[in-house]
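Raw contents of input31.cif, mmCIF, C-alpha atoms, pLDDT in the B column; chains and numbers go by the auth columns:
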```
data_input
#
loop_
_atom_site.group_PDB
_atom_site.id
_atom_site.type_symbol
_atom_site.label_atom_id
_atom_site.label_comp_id
_atom_site.label_asym_id
_atom_site.label_seq_id
_atom_site.Cartn_x
_atom_site.Cartn_y
_atom_site.Cartn_z
_atom_site.B_iso_or_equiv
_atom_site.auth_seq_id
_atom_site.auth_asym_id
ATOM 1 C CA THR A 1 0.000 0.000 0.000 74.00 1290 A
ATOM 2 C CA TYR A 2 1.123 3.565 -0.633 77.00 1291 A
ATOM 3 C CA ALA A 3 -1.048 5.432 1.889 78.00 1292 A
ATOM 4 C CA ASP A 4 -2.075 5.041 5.530 80.00 1293 A
ATOM 5 C CA ASN A 5 -5.398 3.215 6.086 84.00 1294 A
ATOM 6 C CA GLN A 6 -5.688 2.240 2.430 88.00 1295 A
ATOM 7 C CA GLU A 7 -8.556 -0.248 2.088 90.00 1296 A
ATOM 8 C CA GLY A 8 -7.977 -1.386 -1.482 92.00 1297 A
ATOM 9 C CA VAL A 9 -5.330 -1.749 -4.171 92.00 1298 A
ATOM 10 C CA LEU A 10 -5.610 -1.681 -7.951 93.00 1299 A
ATOM 11 C CA ILE A 11 -3.831 -4.634 -9.555 93.00 1300 A
ATOM 12 C CA GLN A 12 -2.782 -3.777 -13.122 93.00 1301 A
ATOM 13 C CA VAL A 13 -1.418 -6.422 -15.485 92.00 1302 A
ATOM 14 C CA TYR A 14 0.968 -5.486 -18.297 90.00 1303 A
ATOM 15 C CA GLU A 15 3.129 -7.227 -20.864 86.00 1304 A
ATOM 16 C CA GLY A 16 6.312 -5.700 -22.185 84.00 1305 A
ATOM 17 C CA GLU A 17 10.018 -5.200 -21.697 83.00 1306 A
ATOM 18 C CA ARG A 18 10.108 -1.536 -20.674 85.00 1307 A
ATOM 19 C CA SER A 19 10.574 -0.392 -17.065 81.00 1308 A
ATOM 20 C CA MET A 20 7.562 1.970 -17.069 84.00 1309 A
ATOM 21 C CA THR A 21 3.968 0.783 -17.463 86.00 1310 A
ATOM 22 C CA ARG A 22 3.216 3.697 -19.788 85.00 1311 A
ATOM 23 C CA ASP A 23 5.530 2.002 -22.334 86.00 1312 A
ATOM 24 C CA CYS A 24 4.002 -1.474 -21.936 88.00 1313 A
ATOM 25 C CA ASN A 25 0.768 -3.082 -23.105 87.00 1314 A
ATOM 26 C CA SER A 26 -2.126 -3.215 -20.635 89.00 1315 A
ATOM 27 C CA LEU A 27 -3.841 -6.613 -20.409 89.00 1316 A
ATOM 28 C CA GLY A 28 -6.362 -5.820 -17.689 90.00 1317 A
ATOM 29 C CA SER A 29 -6.847 -4.777 -14.085 93.00 1318 A
ATOM 30 C CA PHE A 30 -8.885 -5.582 -10.991 93.00 1319 A
ATOM 31 C CA ASN A 31 -9.399 -4.217 -7.491 93.00 1320 A
ATOM 32 C CA LEU A 32 -8.598 -5.985 -4.239 93.00 1321 A
ATOM 33 C CA THR A 33 -10.742 -4.387 -1.529 92.00 1322 A
ATOM 34 C CA GLY A 34 -11.462 -5.067 2.125 90.00 1323 A
ATOM 35 C CA ILE A 35 -7.872 -4.570 3.281 91.00 1324 A
ATOM 36 C CA PRO A 36 -7.743 -3.807 7.039 90.00 1325 A
ATOM 37 C CA LYS A 37 -6.724 -0.248 7.880 89.00 1326 A
ATOM 38 C CA MET A 38 -2.993 -0.161 8.618 85.00 1327 A
ATOM 39 C CA PRO A 39 -0.064 2.235 8.198 81.00 1328 A
ATOM 40 C CA ARG A 40 1.391 2.515 4.710 79.00 1329 A
ATOM 41 C CA GLY A 41 3.365 -0.559 3.667 77.00 1330 A
ATOM 42 C CA GLN A 42 2.149 -2.894 6.417 81.00 1331 A
ATOM 43 C CA PRO A 43 -0.541 -4.887 4.562 88.00 1332 A
ATOM 44 C CA GLN A 44 0.991 -7.864 2.765 89.00 1333 A
ATOM 45 C CA VAL A 45 -0.527 -8.499 -0.671 92.00 1334 A
ATOM 46 C CA GLU A 46 0.727 -11.556 -2.553 93.00 1335 A
ATOM 47 C CA VAL A 47 0.268 -11.495 -6.335 95.00 1336 A
ATOM 48 C CA THR A 48 0.547 -14.770 -8.262 94.00 1337 A
ATOM 49 C CA PHE A 49 0.832 -15.315 -12.026 94.00 1338 A
ATOM 50 C CA ASP A 50 -0.034 -18.631 -13.639 93.00 1339 A
ATOM 51 C CA VAL A 51 -0.128 -19.557 -17.343 89.00 1340 A
ATOM 52 C CA SER A 52 -2.116 -22.637 -18.342 88.00 1341 A
ATOM 53 C CA ALA A 53 -1.179 -25.050 -21.138 85.00 1342 A
ATOM 54 C CA ASP A 54 -3.611 -23.317 -23.490 82.00 1343 A
ATOM 55 C CA GLY A 55 -2.081 -19.891 -22.837 81.00 1344 A
ATOM 56 C CA ILE A 56 -4.615 -18.437 -20.398 87.00 1345 A
ATOM 57 C CA LEU A 57 -2.952 -16.109 -17.907 90.00 1346 A
ATOM 58 C CA SER A 58 -4.446 -16.102 -14.411 94.00 1347 A
ATOM 59 C CA VAL A 59 -3.436 -13.330 -12.018 94.00 1348 A
ATOM 60 C CA SER A 60 -4.579 -13.509 -8.399 95.00 1349 A
ATOM 61 C CA ALA A 61 -3.990 -11.248 -5.400 95.00 1350 A
ATOM 62 C CA VAL A 62 -4.413 -12.228 -1.740 94.00 1351 A
ATOM 63 C CA GLU A 63 -4.234 -9.998 1.351 93.00 1352 A
ATOM 64 C CA LYS A 64 -2.487 -12.301 3.799 91.00 1353 A
ATOM 65 C CA SER A 65 -4.007 -11.220 7.122 90.00 1354 A
ATOM 66 C CA THR A 66 -7.602 -11.736 5.965 90.00 1355 A
ATOM 67 C CA GLY A 67 -7.276 -14.153 3.055 91.00 1356 A
ATOM 68 C CA LYS A 68 -9.291 -11.730 0.936 91.00 1357 A
ATOM 69 C CA ALA A 69 -8.628 -12.589 -2.720 93.00 1358 A
ATOM 70 C CA GLU A 70 -9.502 -11.498 -6.250 93.00 1359 A
ATOM 71 C CA GLU A 71 -8.475 -12.842 -9.660 93.00 1360 A
ATOM 72 C CA ILE A 72 -8.467 -12.031 -13.363 91.00 1361 A
ATOM 73 C CA LYS A 73 -8.102 -14.408 -16.338 91.00 1362 A
ATOM 74 C CA ILE A 74 -6.593 -13.138 -19.583 87.00 1363 A
ATOM 75 C CA THR A 75 -6.955 -15.222 -22.751 84.00 1364 A
ATOM 76 C CA ASN A 76 -4.718 -15.184 -25.822 75.00 1365 A
ATOM 77 C CA ASP A 77 -7.283 -13.247 -27.850 69.00 1366 A
ATOM 78 C CA LYS A 78 -7.795 -10.502 -25.246 64.00 1367 A
ATOM 79 C CA GLY A 79 -5.580 -7.517 -25.997 65.00 1368 A
ATOM 80 C CA ARG A 80 -2.407 -9.572 -26.488 72.00 1369 A
ATOM 81 C CA LEU A 81 0.361 -8.345 -28.768 75.00 1370 A
ATOM 82 C CA SER A 82 0.995 -9.905 -32.159 77.00 1371 A
ATOM 83 C CA ASP A 83 4.384 -11.434 -33.001 79.00 1372 A
ATOM 84 C CA ALA A 84 5.270 -8.297 -34.972 85.00 1373 A
ATOM 85 C CA GLU A 85 4.281 -6.041 -32.073 81.00 1374 A
ATOM 86 C CA ILE A 86 6.367 -8.140 -29.672 81.00 1375 A
ATOM 87 C CA GLU A 87 9.395 -7.801 -31.969 86.00 1376 A
ATOM 88 C CA ALA A 88 8.852 -4.032 -32.106 86.00 1377 A
ATOM 89 C CA MET A 89 8.574 -3.859 -28.314 82.00 1378 A
ATOM 90 C CA LEU A 90 11.794 -5.830 -27.853 85.00 1379 A
ATOM 91 C CA ALA A 91 13.568 -3.486 -30.258 89.00 1380 A
ATOM 92 C CA GLY A 92 12.234 -0.487 -28.357 86.00 1381 A
ATOM 93 C CA ALA A 93 13.408 -1.945 -25.047 86.00 1382 A
ATOM 94 C CA GLU A 94 16.932 -2.240 -26.426 87.00 1383 A
ATOM 95 C CA LYS A 95 16.818 1.253 -27.954 88.00 1384 A
ATOM 96 C CA TYR A 96 15.690 2.884 -24.712 86.00 1385 A
ATOM 97 C CA LYS A 97 17.676 0.657 -22.359 90.00 1386 A
ATOM 98 C CA ALA A 98 19.745 3.514 -20.907 90.00 1387 A
ATOM 99 C CA GLU A 99 16.678 5.717 -20.422 89.00 1388 A
ATOM 100 C CA ASP A 100 14.791 2.893 -18.710 89.00 1389 A
ATOM 101 C CA GLU A 101 17.721 2.213 -16.388 91.00 1390 A
ATOM 102 C CA ALA A 102 17.881 5.901 -15.439 91.00 1391 A
ATOM 103 C CA ASN A 103 14.145 5.861 -14.694 90.00 1392 A
ATOM 104 C CA ARG A 104 14.518 2.734 -12.580 91.00 1393 A
ATOM 105 C CA ILE A 105 17.287 4.305 -10.505 94.00 1394 A
ATOM 106 C CA ARG A 106 15.326 7.545 -10.115 93.00 1395 A
ATOM 107 C CA VAL A 107 12.245 5.663 -8.892 92.00 1396 A
ATOM 108 C CA GLU A 108 14.316 3.618 -6.440 94.00 1397 A
ATOM 109 C CA ALA A 109 15.665 6.859 -4.941 95.00 1398 A
ATOM 110 C CA LYS A 110 12.124 8.256 -4.709 95.00 1399 A
ATOM 111 C CA ASN A 111 10.848 5.104 -3.003 92.00 1400 A
ATOM 112 C CA ALA A 112 13.780 5.075 -0.574 95.00 1401 A
ATOM 113 C CA LEU A 113 13.038 8.635 0.540 95.00 1402 A
ATOM 114 C CA GLU A 114 9.298 8.042 0.891 93.00 1403 A
ATOM 115 C CA ASN A 115 9.768 4.741 2.725 90.00 1404 A
ATOM 116 C CA TYR A 116 12.195 6.313 5.184 92.00 1405 A
ATOM 117 C CA ALA A 117 9.903 9.287 5.806 93.00 1406 A
ATOM 118 C CA TYR A 118 6.767 7.171 6.249 88.00 1407 A
ATOM 119 C CA GLY A 119 8.591 4.684 8.448 88.00 1408 A
ATOM 120 C CA LEU A 120 9.742 7.525 10.678 90.00 1409 A
ATOM 121 C CA LYS A 121 6.225 8.960 10.713 88.00 1410 A
ATOM 122 C CA SER A 122 4.841 5.586 11.814 84.00 1411 A
ATOM 123 C CA SER A 123 7.455 5.293 14.580 85.00 1412 A
ATOM 124 C CA LEU A 124 6.697 8.821 15.717 86.00 1413 A
ATOM 125 C CA ALA A 125 3.040 7.878 16.153 82.00 1414 A
ATOM 126 C CA ASP A 126 3.907 4.970 18.466 75.00 1415 A
ATOM 127 C CA GLU A 127 2.983 6.156 21.970 73.00 1416 A
ATOM 128 C CA GLY A 128 3.823 2.835 23.627 68.00 1417 A
ATOM 129 C CA GLU A 129 6.491 2.417 26.266 66.00 1418 A
ATOM 130 C CA GLN A 130 9.037 1.311 23.681 67.00 1419 A
ATOM 131 C CA GLY A 131 7.743 3.672 21.006 72.00 1420 A
ATOM 132 C CA LEU A 132 9.648 6.661 19.702 80.00 1421 A
ATOM 133 C CA ALA A 133 7.005 9.175 20.777 79.00 1422 A
ATOM 134 C CA SER A 134 7.471 8.311 24.451 81.00 1423 A
ATOM 135 C CA LYS A 135 11.192 9.051 24.193 85.00 1424 A
ATOM 136 C CA LEU A 136 10.912 12.508 22.640 87.00 1425 A
ATOM 137 C CA SER A 137 10.199 15.838 24.240 89.00 1426 A
ATOM 138 C CA THR A 138 7.208 17.727 22.876 89.00 1427 A
ATOM 139 C CA ALA A 139 9.550 20.208 21.201 92.00 1428 A
ATOM 140 C CA ASP A 140 11.562 17.459 19.480 92.00 1429 A
ATOM 141 C CA LYS A 141 8.437 15.613 18.404 91.00 1430 A
ATOM 142 C CA ASP A 142 6.975 18.806 16.934 92.00 1431 A
ATOM 143 C CA ALA A 143 10.255 19.586 15.159 94.00 1432 A
ATOM 144 C CA VAL A 144 10.520 16.123 13.590 94.00 1433 A
ATOM 145 C CA THR A 145 6.846 16.179 12.597 93.00 1434 A
ATOM 146 C CA ALA A 146 7.270 19.560 10.926 95.00 1435 A
ATOM 147 C CA LYS A 147 10.332 18.346 9.017 95.00 1436 A
ATOM 148 C CA LEU A 148 8.524 15.192 7.899 95.00 1437 A
ATOM 149 C CA ASN A 149 5.568 17.253 6.677 94.00 1438 A
ATOM 150 C CA GLU A 150 7.970 19.484 4.759 96.00 1439 A
ATOM 151 C CA ILE A 151 9.692 16.508 3.086 96.00 1440 A
ATOM 152 C CA MET A 152 6.402 14.769 2.249 93.00 1441 A
ATOM 153 C CA ALA A 153 4.997 17.975 0.754 95.00 1442 A
ATOM 154 C CA TRP A 154 8.139 18.294 -1.364 96.00 1443 A
ATOM 155 C CA CYS A 155 7.719 14.697 -2.594 94.00 1444 A
ATOM 156 C CA ASP A 156 4.102 15.347 -3.562 92.00 1445 A
ATOM 157 C CA ALA A 157 5.107 18.483 -5.466 95.00 1446 A
ATOM 158 C CA ASN A 158 8.148 16.906 -7.185 95.00 1447 A
ATOM 159 C CA ILE A 159 7.052 13.483 -8.412 90.00 1448 A
ATOM 160 C CA ASN A 160 9.431 13.702 -11.389 90.00 1449 A
ATOM 161 C CA ALA A 161 12.506 14.942 -9.532 94.00 1450 A
ATOM 162 C CA GLU A 162 15.908 13.537 -10.394 94.00 1451 A
ATOM 163 C CA LYS A 163 17.682 10.787 -8.437 95.00 1452 A
ATOM 164 C CA GLU A 164 20.161 13.271 -6.967 96.00 1453 A
ATOM 165 C CA GLU A 165 17.341 15.507 -5.694 97.00 1454 A
ATOM 166 C CA TYR A 166 15.663 12.621 -3.862 96.00 1455 A
ATOM 167 C CA GLU A 167 18.985 11.581 -2.368 97.00 1456 A
ATOM 168 C CA GLN A 168 19.695 15.157 -1.283 97.00 1457 A
ATOM 169 C CA LYS A 169 16.305 15.367 0.445 97.00 1458 A
ATOM 170 C CA GLN A 170 16.847 12.029 2.199 96.00 1459 A
ATOM 171 C CA GLY A 171 20.258 13.197 3.401 96.00 1460 A
ATOM 172 C CA GLU A 172 18.672 16.426 4.622 96.00 1461 A
ATOM 173 C CA LEU A 173 16.037 14.514 6.590 96.00 1462 A
ATOM 174 C CA GLU A 174 18.571 12.087 8.081 95.00 1463 A
ATOM 175 C CA GLU A 175 20.872 14.948 9.070 96.00 1464 A
ATOM 176 C CA PHE A 176 17.972 16.711 10.799 95.00 1465 A
ATOM 177 C CA VAL A 177 16.626 13.745 12.764 93.00 1466 A
ATOM 178 C CA SER A 178 19.884 11.939 13.550 92.00 1467 A
ATOM 179 C CA PRO A 179 20.949 14.123 16.526 92.00 1468 A
ATOM 180 C CA ILE A 180 17.459 13.845 18.017 90.00 1469 A
ATOM 181 C CA LEU A 181 17.362 10.069 17.639 87.00 1470 A
ATOM 182 C CA GLN A 182 20.856 9.710 19.059 87.00 1471 A
ATOM 183 C CA GLN A 183 19.779 11.664 22.130 82.00 1472 A
ATOM 184 C CA THR A 184 16.885 9.269 22.732 78.00 1473 A
ATOM 185 C CA ALA A 185 19.188 6.265 22.410 72.00 1474 A
ATOM 186 C CA THR A 186 21.807 7.759 24.732 69.00 1475 A
ATOM 187 C CA GLY A 187 19.112 8.684 27.198 61.00 1476 A
ATOM 188 C CA GLY A 188 18.181 5.155 27.619 44.00 1477 A
ATOM 189 C CA GLY A 189 16.430 3.009 25.602 41.00 1478 A
ATOM 190 C CA GLY A 190 15.815 2.204 22.026 41.00 1479 A
ATOM 191 C CA GLY A 191 17.424 -0.070 19.528 39.00 1480 A
ATOM 192 C CA GLY A 192 20.781 1.641 19.176 39.00 1481 A
ATOM 193 C CA ALA A 193 21.995 5.069 18.207 38.00 1482 A
ATOM 194 C CA GLY A 194 20.106 6.581 15.344 42.00 1483 A
ATOM 195 C CA ALA A 195 17.337 3.992 15.344 46.00 1484 A
ATOM 196 C CA PRO A 196 15.425 3.834 18.613 44.00 1485 A
ATOM 197 C CA GLY A 197 11.923 2.554 18.895 45.00 1486 A
ATOM 198 C CA GLY A 198 11.894 0.757 15.561 49.00 1487 A
ATOM 199 C CA VAL A 199 12.832 3.745 13.426 54.00 1488 A
ATOM 200 C CA PRO A 200 13.897 2.530 9.960 53.00 1489 A
ATOM 201 C CA SER A 201 17.402 3.180 8.735 50.00 1490 A
ATOM 202 C CA ALA A 202 17.823 4.436 5.201 45.00 1491 A
ATOM 203 C CA SER A 203 19.633 1.250 4.201 41.00 1492 A
ATOM 204 C CA THR A 204 17.000 -1.174 5.518 38.00 1493 A
ATOM 205 C CA ALA A 205 13.671 0.556 4.857 40.00 1494 A
ATOM 206 C CA ALA A 206 11.577 -1.925 2.882 37.00 1495 A
ATOM 207 C CA PRO A 207 9.510 -0.924 -0.158 37.00 1496 A
ATOM 208 C CA PRO A 208 5.769 -0.720 0.311 37.00 1497 A
ATOM 209 C CA ALA A 209 3.831 -3.936 -0.029 36.00 1498 A
ATOM 210 C CA GLY A 210 1.328 -4.405 -2.747 35.00 1499 A
ATOM 211 C CA VAL A 211 1.289 -3.619 -6.405 32.00 1500 A
ATOM 212 C CA PRO A 212 3.088 -0.728 -8.078 38.00 1501 A
ATOM 213 C CA ASP A 213 0.949 2.315 -8.832 39.00 1502 A
ATOM 214 C CA GLU A 214 1.643 5.474 -10.791 38.00 1503 A
ATOM 215 C CA ALA A 215 4.234 6.442 -8.227 37.00 1504 A
ATOM 216 C CA SER A 216 5.847 3.108 -7.729 38.00 1505 A
ATOM 217 C CA PRO A 217 8.551 1.158 -10.529 39.00 1506 A
ATOM 218 C CA ILE A 218 6.549 -0.491 -13.104 36.00 1507 A
ATOM 219 C CA GLU A 219 5.878 3.550 -13.280 39.00 1508 A
ATOM 220 C CA GLU A 220 7.589 3.036 -9.966 43.00 1509 A
ATOM 221 C CA ILE A 221 8.915 0.037 -11.515 41.00 1510 A
ATOM 222 C CA ASP A 222 6.172 3.234 -12.133 44.00 1511 A
#
```

Could you show the structure in this file as structure tokens?
Amino acid sequence: TYADNQEGVLIQVYEGERSMTRDCNSLGSFNLTGIPKMPRGQPQVEVTFDVSADGILSVSAVEKSTGKAEEIKITNDKGRLSDAEIEAMLAGAEKYKAEDEANRIRVEAKNALENYAYGLKSSLADEGEQGLASKLSTADKDAVTAKLNEIMAWCDANINAEKEEYEQKQGELEEFVSPILQQTATGGGGGGAGAPGGVPSASTAAPPAGVPDEASPIEEID
């Protein structure tokens, strides 16, 4: 999921060799609804692809905590590319290989920044005894919240920023919060300097679960 308390995901199925869905061929889509409300990235959605002997593609999605599932079947005569179109797509993938690689790297940098920011936001909301919120003064909590809001607003306004810009913003956020997090660790308690109370590190923040959307790599892949 890409937002807090998201109750559904759109599963889009494409065929093609390019890194962005806009450059691939859409085969169909379906919605998986009824996902329990959770922070961004926590729901686990498993997507499975299966091709039968007669060429029918079945795509299913299951939300693991509830078992809620949906499926789509795509036959050979339903929007599939011809042999000539496949050859043209393969040629295009080779022609734009460098551009696609640059897009992939840019999207990875975007996802890394957003995952770090949302992970920190989730930790900041944890009021439990071991949570980050209980270890921060009101002033520090307000300062980190304000910085997170600033970074998230920048992300929303700069969805096509370059890799270096995303990395610069992540470095800016880490530089801002690091002294505060180190103080909480030194003052007794979390999981080590710089990462108390379950705060994600930039190197270990996982990508959001679920299926890529317009902001994720297949356009975040897409």

Computed interatomic separation between atom CA of A:Val1348 and atom CA of A:Asn1320 (Å):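 A separation of 11.8 Å between them.
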
Residues of stretch 1306-1425 of chain A at most 8 Å from stretch 1437-1458 of chain A: nearest atom pair and distance in Å, all atoms listed in the file, as a tab-separated table:
```
residue	atom	partner	partner_atom	distance
A:Ile1394	CA	A:Lys1452	CA	6.8
A:Arg1395	CA	A:Lys1452	CA	4.3
A:Val1396	CA	A:Lys1452	CA	7.5
A:Ala1398	CA	A:Lys1452	CA	5.6
A:Lys1399	CA	A:Tyr1455	CA	5.7
A:Leu1402	CA	A:Tyr1455	CA	6.5
A:Glu1403	CA	A:Met1441	CA	7.4
A:Ala1406	CA	A:Leu1437	CA	6.4
A:Lys1410	CA	A:Leu1437	CA	7.2
```

Target residues per the PyMOL selection byres ((chain A and resi 1362) around 12), formatted as number ranges by chain: A: 1302, 1316-1319, 1337-1341, 1344-1349, 1359-1361, 1363-1367

Sel. within 7 Å of pt (-3.2, -2.9, 4.7), counting only C-alpha atoms, output as a ChimeraX atom specification: /A:1290,1294-1296,1324-1328,1331-1333

Go ahead and save the picked residues with C-alpha atoms, as an mmCIF file, keeping the file's coordinate frame.
```
data_model
loop_
_atom_site.group_PDB
_atom_site.id
_atom_site.type_symbol
_atom_site.label_atom_id
_atom_site.label_comp_id
_atom_site.auth_asym_id
_atom_site.auth_seq_id
_atom_site.Cartn_x
_atom_site.Cartn_y
_atom_site.Cartn_z
ATOM 1 C CA THR A 1290 0.000 0.000 0.000
ATOM 2 C CA ASN A 1294 -5.398 3.215 6.086
ATOM 3 C CA GLN A 1295 -5.688 2.240 2.430
ATOM 4 C CA GLU A 1296 -8.556 -0.248 2.088
ATOM 5 C CA ILE A 1324 -7.872 -4.570 3.281
ATOM 6 C CA PRO A 1325 -7.743 -3.807 7.039
ATOM 7 C CA LYS A 1326 -6.724 -0.248 7.880
ATOM 8 C CA MET A 1327 -2.993 -0.161 8.618
ATOM 9 C CA PRO A 1328 -0.064 2.235 8.198
ATOM 10 C CA GLN A 1331 2.149 -2.894 6.417
ATOM 11 C CA PRO A 1332 -0.541 -4.887 4.562
ATOM 12 C CA GLN A 1333 0.991 -7.864 2.765
#
```

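Nearest to A:Leu1370 of all the residues A:Ala1428, A:Ala1435, A:Leu1299, A:Cys1313 is A:Cys1313, based on all atoms listed in the file.
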
Nearest candidate to A:Val1433 (options A:Glu1390, A:Glu1416, A:Glu1397, A:Glu1463; using all atoms listed in the file): A:Glu1463

Give the padded box for stretch 1297-1305 of chain A as lines of an AutoDock Vina configuration file: axis-aligned, covering all atoms listed in the file, 4 Å on each side, centre and edge lengths in Å to one decimal.
```
center_x = -0.8
center_y = -4.3
center_z = -11.8
size_x = 22.3
size_y = 13.8
size_z = 28.7
```

Nearby residues (all atoms listed in the file) at most 12 Å from A:Lys1430, same-chain spacing under 5 positions excluded, as a list in words: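 With the cut-off at 12 Å, the set is Leu1409, Lys1410, Ser1412, Leu1413, Ala1414, Asp1415, Glu1416, Leu1421, Ala1422, Ser1423, Lys1424, Leu1425, Ala1435, Lys1436, Leu1437, Val1466, Ile1469, Leu1470 and Thr1473 of chain A.
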
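For the set A:Gly1323, A:Asp1312, A:Asn1400, A:Asp1429, the residue with the smallest atom-to-atom gap to A:Pro1468 is A:Asp1429, counting all atoms listed in the file.
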
Exercise: A:Met1378 partners within 12 Å, all atoms listed in the file, chain neighbours under 6 positions left out, as a list in words: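 Counting all atoms listed in the file, the residues come to Glu1304, Gly1305, Glu1306, Arg1307, Ser1308, Asp1312, Cys1313, Asn1314, Leu1370, Ser1371, Asp1372, Lys1384, Tyr1385 and Lys1386 of chain A.
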
Separation of atom CA of A:Val1351 from atom CA of A:Val1298, in Å and rounded to one decimal: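 According to the coordinates, atom CA of A:Val1351 and atom CA of A:Val1298 are separated by 10.8 Å.
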
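Checking A:Ala1387, A:Ala1373, A:Ala1292, A:Leu1379 one by one against A:Arg1329, counting all atoms listed in the file, you find the shortest gap at A:Ala1292.
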
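Counting from atom CA of A:Glu1383, the distance to atom CA of A:Arg1369 is 20.7 Å.
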